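start.cif (mmCIF, C-alpha atoms and all ligand atoms)
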```cif
data_model
loop_
_atom_site.label_atom_id
_atom_site.label_comp_id
_atom_site.auth_asym_id
_atom_site.auth_seq_id
_atom_site.Cartn_x
_atom_site.Cartn_y
_atom_site.Cartn_z
CA MET Q 1 90.09 103.72 97.02
CA ARG Q 2 86.47 104.00 96.07
CA LYS Q 3 83.24 103.58 97.99
CA LEU Q 4 82.14 99.96 98.24
CA GLU Q 5 78.75 98.69 99.34
CA ARG Q 6 78.73 96.10 102.09
CA THR Q 7 76.20 93.35 101.48
CA ASP Q 8 74.54 90.93 103.90
CA LEU Q 9 75.68 87.57 105.26
CA SER Q 10 73.35 84.66 106.00
CA LEU Q 11 71.75 84.49 109.45
CA TYR Q 12 73.75 81.29 110.08
CA THR Q 13 77.05 83.09 109.66
CA LEU Q 14 75.98 86.23 111.53
CA ALA Q 15 74.82 84.08 114.47
CA LEU Q 16 78.11 82.21 114.45
CA LEU Q 17 80.10 85.47 114.49
CA ALA Q 18 77.98 86.74 117.41
CA LYS Q 19 78.58 83.49 119.33
CA ARG Q 20 82.35 83.72 118.81
CA THR Q 21 82.33 87.34 120.03
CA GLU Q 22 80.45 86.29 123.19
CA GLU Q 23 83.04 83.56 123.81
CA ILE Q 24 85.88 86.06 123.47
CA ALA Q 25 84.14 88.56 125.79
CA ALA Q 26 83.70 85.84 128.43
CA ALA Q 27 87.30 84.59 128.20
CA GLU Q 28 89.90 85.42 130.82
CA GLU Q 29 92.33 86.38 128.10
CA PRO Q 30 90.26 87.77 125.21
CA GLY Q 31 93.31 88.25 122.95
CA ALA Q 32 94.45 84.63 123.27
CA GLU Q 33 90.90 83.34 122.86
CA ALA Q 34 90.39 85.46 119.72
CA ARG Q 35 93.59 84.04 118.19
CA ARG Q 36 92.58 80.48 119.10
CA LEU Q 37 89.08 80.82 117.64
CA TRP Q 38 90.37 82.57 114.50
CA GLU Q 39 92.64 79.60 113.80
CA ARG Q 40 89.78 77.12 113.95
CA LYS Q 41 87.31 78.97 111.75
CA ASP Q 42 84.08 77.39 110.56
CA LYS Q 43 84.74 76.39 106.93
CA ALA Q 44 81.29 77.21 105.54
CA ALA Q 45 81.14 80.59 107.28
CA SER Q 46 84.69 81.48 106.20
CA LYS Q 47 83.89 80.63 102.60
CA GLU Q 48 80.74 82.73 102.69
CA ILE Q 49 82.58 85.68 104.21
CA ARG Q 50 85.39 85.46 101.66
CA ASP Q 51 82.99 85.04 98.71
CA THR Q 52 80.88 88.00 99.87
CA LEU Q 53 83.95 90.23 100.22
CA ARG Q 54 85.21 89.13 96.79
CA ALA Q 55 81.89 90.16 95.25
CA MET Q 56 82.07 93.53 97.05
CA ALA Q 57 85.61 94.27 95.79
CA SER Q 58 86.21 96.21 92.58
CA GLY Q 59 87.02 94.59 89.25
CA ARG Q 60 88.91 91.34 89.36
CA GLU Q 61 88.76 91.19 93.17
CA ARG Q 62 91.27 93.96 93.68
CA CYS Q 63 92.52 95.02 97.11
CA MET Q 64 90.05 97.41 98.77
CA TYR Q 65 92.89 99.73 99.84
CA CYS Q 66 95.42 99.96 96.97
CA GLU Q 67 93.08 98.72 94.17
CA ASP Q 68 96.00 97.10 92.39
CA SER Q 69 96.93 93.66 93.70
CA ALA Q 70 94.71 90.61 94.03
CA ALA Q 71 92.92 90.70 97.39
CA LYS Q 72 93.66 87.46 99.20
CA ASP Q 73 93.52 88.35 102.90
CA ILE Q 74 90.48 88.88 105.09
CA GLU Q 75 91.55 92.10 106.71
CA HIS Q 76 90.40 93.32 110.11
CA PHE Q 77 89.96 97.08 109.76
CA TRP Q 78 90.23 97.42 113.56
CA PRO Q 79 93.28 95.13 114.06
CA LYS Q 80 92.28 91.96 115.85
CA ALA Q 81 95.53 91.94 117.86
CA ARG Q 82 94.51 95.22 119.52
CA TYR Q 83 90.74 94.84 119.41
CA PRO Q 84 89.99 91.13 119.96
CA LEU Q 85 86.25 91.78 120.31
CA ARG Q 86 86.23 92.91 116.67
CA THR Q 87 87.77 89.60 115.46
CA PHE Q 88 84.41 88.13 114.47
CA ASP Q 89 82.61 91.31 113.42
CA TRP Q 90 81.31 91.31 109.85
CA PHE Q 91 81.46 95.11 109.75
CA ASN Q 92 85.17 94.92 110.55
CA TYR Q 93 86.08 92.75 107.55
CA LEU Q 94 87.59 94.00 104.30
CA LEU Q 95 89.56 92.22 101.58
CA ALA Q 96 93.15 93.35 101.14
CA CYS Q 97 96.35 92.33 99.41
CA GLY Q 98 99.29 91.00 101.40
CA ASP Q 99 101.32 94.14 100.74
CA CYS Q 100 98.70 96.50 102.23
CA ASN Q 101 97.78 94.13 105.06
CA SER Q 102 101.08 92.59 106.15
CA ASN Q 103 103.75 95.01 104.92
CA HIS Q 104 102.10 98.39 105.40
CA LYS Q 105 99.15 98.49 107.79
CA ARG Q 106 100.08 95.59 110.08
CA THR Q 107 98.67 96.69 113.47
CA ARG Q 108 98.90 100.41 112.72
CA PHE Q 109 95.54 102.00 113.33
CA PRO Q 110 95.70 105.71 114.15
CA LEU Q 111 92.73 107.29 115.91
CA ASP Q 112 91.66 110.92 116.18
CA GLU Q 113 91.09 112.73 119.50
CA SER Q 114 87.54 111.38 119.71
CA GLY Q 115 88.77 107.79 119.29
CA ALA Q 116 87.44 107.46 115.72
CA PRO Q 117 89.60 105.74 113.06
CA LEU Q 118 91.91 107.98 111.06
CA LEU Q 119 92.03 105.47 108.21
CA ILE Q 120 89.49 105.35 105.41
CA ASP Q 121 87.12 102.39 105.56
CA PRO Q 122 85.90 102.17 101.94
CA THR Q 123 82.66 100.48 103.06
CA VAL Q 124 81.83 103.35 105.43
CA ASP Q 125 83.59 106.48 104.18
CA GLU Q 126 83.36 108.14 100.78
CA PRO Q 127 87.08 108.03 99.85
CA THR Q 128 86.82 110.91 97.37
CA GLU Q 129 85.97 113.21 100.29
CA HIS Q 130 89.39 112.42 101.76
CA LEU Q 131 91.61 111.84 98.72
CA GLU Q 132 92.08 113.50 95.36
CA LEU Q 133 93.92 112.11 92.34
CA SER Q 134 96.35 114.17 90.33
CA PRO Q 135 96.20 112.61 86.84
CA VAL Q 136 99.40 114.49 86.03
CA THR Q 137 101.54 112.80 88.69
CA GLY Q 138 99.44 109.72 89.49
CA ARG Q 139 99.76 110.67 93.15
CA LEU Q 140 96.96 111.10 95.66
CA ALA Q 141 96.57 114.34 97.60
CA GLU Q 142 94.99 114.41 101.03
CA LEU Q 143 91.86 116.50 101.55
CA THR Q 144 91.51 115.61 105.26
CA PRO Q 145 93.64 114.18 108.11
CA LYS Q 146 91.99 110.82 107.38
CA GLY Q 147 93.19 111.03 103.79
CA ALA Q 148 96.72 111.95 104.94
CA ALA Q 149 96.90 109.04 107.42
CA SER Q 150 95.59 106.59 104.81
CA ILE Q 151 98.20 107.69 102.25
CA GLU Q 152 100.95 107.30 104.83
CA VAL Q 153 99.89 104.00 106.44
CA PHE Q 154 99.18 102.20 103.15
CA GLY Q 155 102.11 103.79 101.30
CA LEU Q 156 99.73 104.88 98.55
CA ASN Q 157 102.20 107.41 97.12
CA LYS Q 158 105.40 105.65 98.17
CA ARG Q 159 104.76 102.57 96.06
CA ASP Q 160 105.91 103.47 92.58
CA SER Q 161 103.84 100.67 91.02
CA LEU Q 162 100.68 102.31 92.39
CA VAL Q 163 101.63 105.79 91.15
CA ARG Q 164 102.49 104.53 87.66
CA GLY Q 165 99.44 102.27 87.67
CA ARG Q 166 97.10 105.20 88.28
CA GLN Q 167 98.68 107.17 85.44
CA ALA Q 168 98.32 104.18 83.10
CA ALA Q 169 94.71 103.63 84.21
CA TRP Q 170 93.91 107.30 83.46
CA ARG Q 171 95.28 107.00 79.92
CA ALA Q 172 93.54 103.64 79.37
CA ILE Q 173 90.16 105.08 80.35
CA GLY Q 174 90.53 107.79 77.68
CA ARG Q 175 91.32 105.14 75.06
CA MET Q 176 88.47 102.90 76.17
CA LEU Q 177 85.93 105.74 75.97
CA ARG Q 178 87.05 106.52 72.43
CA ASP Q 179 86.73 102.82 71.52
CA TYR Q 180 83.28 102.78 73.06
CA ASP Q 181 82.16 105.70 70.94
CA GLU Q 182 83.56 104.06 67.82
CA PHE Q 183 81.77 100.76 68.49
CA CYS Q 184 78.48 102.53 69.22
CA THR Q 185 78.81 104.63 66.05
CA GLN Q 186 79.37 101.47 64.00
CA GLY Q 187 76.46 99.71 65.73
CA ASP Q 188 78.85 97.10 67.12
CA TRP Q 189 76.99 96.56 70.41
CA ARG Q 190 79.03 93.49 71.32
CA GLY Q 191 82.21 95.53 71.07
CA ALA Q 192 80.65 98.37 73.07
CA ARG Q 193 79.55 95.97 75.82
CA GLN Q 194 83.06 94.51 75.89
CA VAL Q 195 84.54 97.96 76.47
CA LYS Q 196 82.15 98.55 79.36
CA ASP Q 197 83.15 95.17 80.88
CA ASP Q 198 86.83 96.06 80.45
CA VAL Q 199 86.33 99.35 82.31
CA CYS Q 200 84.54 97.52 85.14
CA GLN Q 201 87.29 94.86 85.36
CA THR Q 202 90.27 97.13 85.23
CA GLY Q 203 92.37 97.86 88.35
CA PHE Q 204 92.47 101.25 90.06
CA ALA Q 205 88.68 101.57 89.89
CA SER Q 206 88.79 104.90 91.70
CA VAL Q 207 90.71 106.41 88.75
CA PHE Q 208 87.52 105.99 86.73
CA VAL Q 209 85.56 107.81 89.45
CA TRP Q 210 88.06 110.69 89.37
CA PHE Q 211 88.16 110.68 85.59
CA ILE Q 212 84.39 111.25 85.45
CA ARG Q 213 84.55 113.83 88.22
CA ILE Q 214 87.34 115.83 86.53
CA ALA Q 215 85.95 115.49 83.01
CA THR Q 216 82.53 116.74 84.09
CA GLY Q 217 83.87 119.30 86.58
CA PRO Q 218 84.61 123.02 86.31
CA HIS Q 219 88.34 122.56 85.52
CA ALA Q 220 87.98 120.06 82.66
CA ALA Q 221 89.15 122.64 80.10
CA LEU Q 222 92.43 123.13 81.98
CA TYR Q 223 93.16 119.41 81.78
CA VAL Q 224 92.35 119.44 78.07
CA GLN Q 225 94.69 122.40 77.50
CA SER Q 226 97.53 120.66 79.33
CA GLY Q 227 97.02 117.46 77.35
CA TYR Q 228 95.86 115.23 80.21
CA LEU Q 229 92.31 114.95 78.95
CA ASP Q 230 91.18 114.41 75.36
CA SER Q 231 88.40 116.83 74.42
CA ARG Q 232 86.73 113.93 72.60
CA CYS Q 233 86.21 112.27 75.98
CA LEU Q 234 84.21 115.26 77.21
CA ALA Q 235 81.94 115.01 74.17
CA ILE Q 236 81.62 111.22 74.63
CA LEU Q 237 80.54 111.64 78.26
CA GLU Q 238 77.89 114.12 77.16
CA LYS Q 239 76.73 111.84 74.35
CA TYR Q 240 76.47 108.73 76.57
CA PRO Q 241 75.54 109.96 80.09
CA ASP Q 242 75.09 106.35 81.31
CA ILE Q 243 78.89 105.94 81.28
CA LYS Q 244 79.02 107.91 84.55
CA GLY Q 245 77.14 105.08 86.26
CA TRP Q 246 79.26 102.19 84.97
CA LEU Q 247 80.99 101.63 88.31
ZN ZN H 1 96.54 96.48 98.55
#
```

Could you rewrite the structure in this file as structure tokens?
Ligand SMILES: [Zn+2]
Amino acid sequence: MRKLERTDLSLYTLALLAKRTEEIAAAEEPGAEARRLWERKDKAASKEIRDTLRAMASGRERCMYCEDSAAKDIEHFWPKARYPLRTFDWFNYLLACGDCNSNHKRTRFPLDESGAPLLIDPTVDEPTEHLELSPVTGRLAELTPKGAASIEVFGLNKRDSLVRGRQAAWRAIGRMLRDYDEFCTQGDWRGARQVKDDVCQTGFASVFVWFIRIATGPHAALYVQSGYLDSRCLAILEKYPDIKGWL
């Protein structure tokens, strides 16, 4: 997961969401009313919400939780089955893949003692404060209880495709940075721009964030010694500091 910026919806859609929430609050059975209203969504508002979330997602509209699969589902961070008043809340919407949404999270939503969510919301939290990538194993390590709960609920280390995907993304970033340097050295700006686009489109966007963090951090030399980081990449990041801001 990486930090994503939530953008604005039109006033039309925000007003519609507020109206739906008022209707649910006034209903005798808020849960049933939320389900009924969710089924008969306003087409224009739904399209705007989906399009806005797609633009907020990383790369080729990857899932905001696992960063691997195509994000198809509008996901309620606070599950609508348990919190019907959050059914039409823009700040409760994320875009997730079916595996994260329907197979892993479902209605699981652990809270801490103060009642705050124990899952990472990538539009609110800075995920790298809660999770750390090991480029050696491709697994995520928890830095906080929120990180631990997120790993468990979304199966972020249990799903082999995610673990292998992160390892492959780490290696690909090294190759892409070397290509970038080669294109720039040859004055092939089209090729260099293409590499930048490829980095921005690739899955597992947070691996790039961790790559930069590790390569520019105090332990970079250890990763070079153990063969998980090419020393050329360190020089490339120094030569082209703008790379750090690509995502
Ligand atoms: Zn997912």

Counting all atoms listed in the file, which residues of chain Q sit at most 7 Å from some atom of ligand ZN 1 (chain H), and what is each one's closest atom pair with its distance in Å to one decimal, listed by chain and rising residue number, as a Markdown table?
```
| residue | atom | partner | partner_atom | distance |
| --- | --- | --- | --- | --- |
| Q:Cys63 | CA | H:ZN1 | ZN | 4.5 |
| Q:Met64 | CA | H:ZN1 | ZN | 6.6 |
| Q:Tyr65 | CA | H:ZN1 | ZN | 5.1 |
| Q:Cys66 | CA | H:ZN1 | ZN | 4.0 |
| Q:Glu67 | CA | H:ZN1 | ZN | 6.0 |
| Q:Asp68 | CA | H:ZN1 | ZN | 6.2 |
| Q:Ser69 | CA | H:ZN1 | ZN | 5.6 |
| Q:Ala71 | CA | H:ZN1 | ZN | 6.9 |
| Q:Ala96 | CA | H:ZN1 | ZN | 5.3 |
| Q:Cys97 | CA | H:ZN1 | ZN | 4.2 |
| Q:Gly98 | CA | H:ZN1 | ZN | 6.8 |
| Q:Asp99 | CA | H:ZN1 | ZN | 5.8 |
| Q:Cys100 | CA | H:ZN1 | ZN | 4.3 |
```

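Remark: for Phe208 in chain Q, the closest of the candidate residues Q:Trp38, Q:Phe183, Q:Trp246, Q:Tyr223 is Q:Trp246 (distances computed over only C-alpha atoms).
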
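Nearest to Glu142 in chain Q of all the residues Q:Cys200, Q:Ala57, Q:Leu111, Q:Leu156 is Q:Leu156, counting all atoms listed in the file.
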
What lies within 8 Å of Ser206 in chain Q using all atoms listed in the file, ignoring chain neighbours under 4 positions off, as a list in words? Met1, Arg2, Glu67 and Trp210 of chain Q

Please give the centre and size of the box around range 141-152 of chain Q (axis-aligned, containing every atom listed in the file, 5 Å added per side), with values in Å to one decimal and written as lines of an AutoDock Vina configuration file.
```
center_x = 96.2
center_y = 111.5
center_z = 102.9
size_x = 19.4
size_y = 19.9
size_z = 20.5
```

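Take CA of Glu132 in chain Q and CA of Arg166 in chain Q: the distance between them is 12.0 Å.
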
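With distances taken over all atoms listed in the file, Q:Val136 is the one residue among Q:Ala26, Q:Ala116, Q:Met56, Q:Val136 lying closest to Gly227 in chain Q.
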
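Minimum distance to Lys72 in chain Q across Q:Ser102, Q:Thr144, Q:Ser161, Q:Asn92 (counting all atoms listed in the file) occurs at Q:Ser102.
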
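Minimum distance to Asp197 in chain Q across Q:Gln225, Q:Ile243, Q:Val124, Q:Gly115 (counting only C-alpha atoms) occurs at Q:Ile243.
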
Rank nothing, just name the residue among Q:Leu4, Q:Leu247, Q:Val199, Q:Ile151 nearest to Asp121 in chain Q, using only C-alpha atoms. Q:Leu4

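Taking CA of Trp78 in chain Q and CA of Arg20 in chain Q as endpoints, the distance between them is 16.7 Å.
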
At a cut-off of 10 Å from (89.2, 113.0, 88.5) in the coordinates of the file, what residues are picked up using all atoms listed in the file, written as a PyMOL selection string? chain Q and resi 128+132-135+170+206-217+220

Tell me which protein, DNA and RNA residues are within 7 Å of Leu94 in chain Q, counting all atoms listed in the file, leaving out same-chain ones fewer than 3 positions away, and put them as a ChimeraX atom specification. /Q:53,64,74-77

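The spacing separating CA of His130 in chain Q from CA of Glu238 in chain Q amounts to 27.2 Å.
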
Can you tell me which residues surround Lys146 in chain Q at a distance of at most 9 Å, considering all atoms listed in the file, apart from same-chain residues fewer than 3 positions away, and format the answer as a ChimeraX atom specification? /Q:112,117-120,130-131,142-143,149-151

Could you add N, CA and C atoms to range 84-96 of chain Q and give me the result as a CSV table (one decimal), in the coordinates of the input?
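File written: result_21.csv
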```csv
chain,number,residue,atom,x,y,z
Q,84,PRO,N,90.4,92.5,120.2
Q,84,PRO,CA,90.0,91.1,120.0
Q,84,PRO,C,88.5,91.0,119.8
Q,85,LEU,N,87.7,91.9,120.4
Q,85,LEU,CA,86.2,91.8,120.3
Q,85,LEU,C,85.8,92.1,118.9
Q,86,ARG,N,86.6,92.6,118.1
Q,86,ARG,CA,86.2,92.9,116.7
Q,86,ARG,C,86.7,91.8,115.7
Q,87,THR,N,87.2,90.7,116.3
Q,87,THR,CA,87.8,89.6,115.5
Q,87,THR,C,86.7,88.9,114.6
Q,88,PHE,N,85.5,88.8,115.2
Q,88,PHE,CA,84.4,88.1,114.5
Q,88,PHE,C,83.3,89.1,114.2
Q,89,ASP,N,83.6,90.3,113.7
Q,89,ASP,CA,82.6,91.3,113.4
Q,89,ASP,C,82.6,91.5,111.9
Q,90,TRP,N,81.4,91.2,111.3
Q,90,TRP,CA,81.3,91.3,109.8
Q,90,TRP,C,81.6,92.7,109.4
Q,91,PHE,N,81.2,93.7,110.2
Q,91,PHE,CA,81.5,95.1,109.8
Q,91,PHE,C,82.9,95.5,109.9
Q,92,ASN,N,83.7,94.6,110.4
Q,92,ASN,CA,85.2,94.9,110.6
Q,92,ASN,C,86.0,94.2,109.5
Q,93,TYR,N,85.3,93.5,108.6
Q,93,TYR,CA,86.1,92.8,107.6
Q,93,TYR,C,86.2,93.5,106.2
Q,94,LEU,N,87.4,93.5,105.7
Q,94,LEU,CA,87.6,94.0,104.3
Q,94,LEU,C,88.4,93.0,103.6
Q,95,LEU,N,88.7,93.1,102.3
Q,95,LEU,CA,89.6,92.2,101.6
Q,95,LEU,C,90.8,93.0,101.1
Q,96,ALA,N,92.0,92.6,101.5
Q,96,ALA,CA,93.2,93.4,101.1
Q,96,ALA,C,94.2,92.5,100.5
```
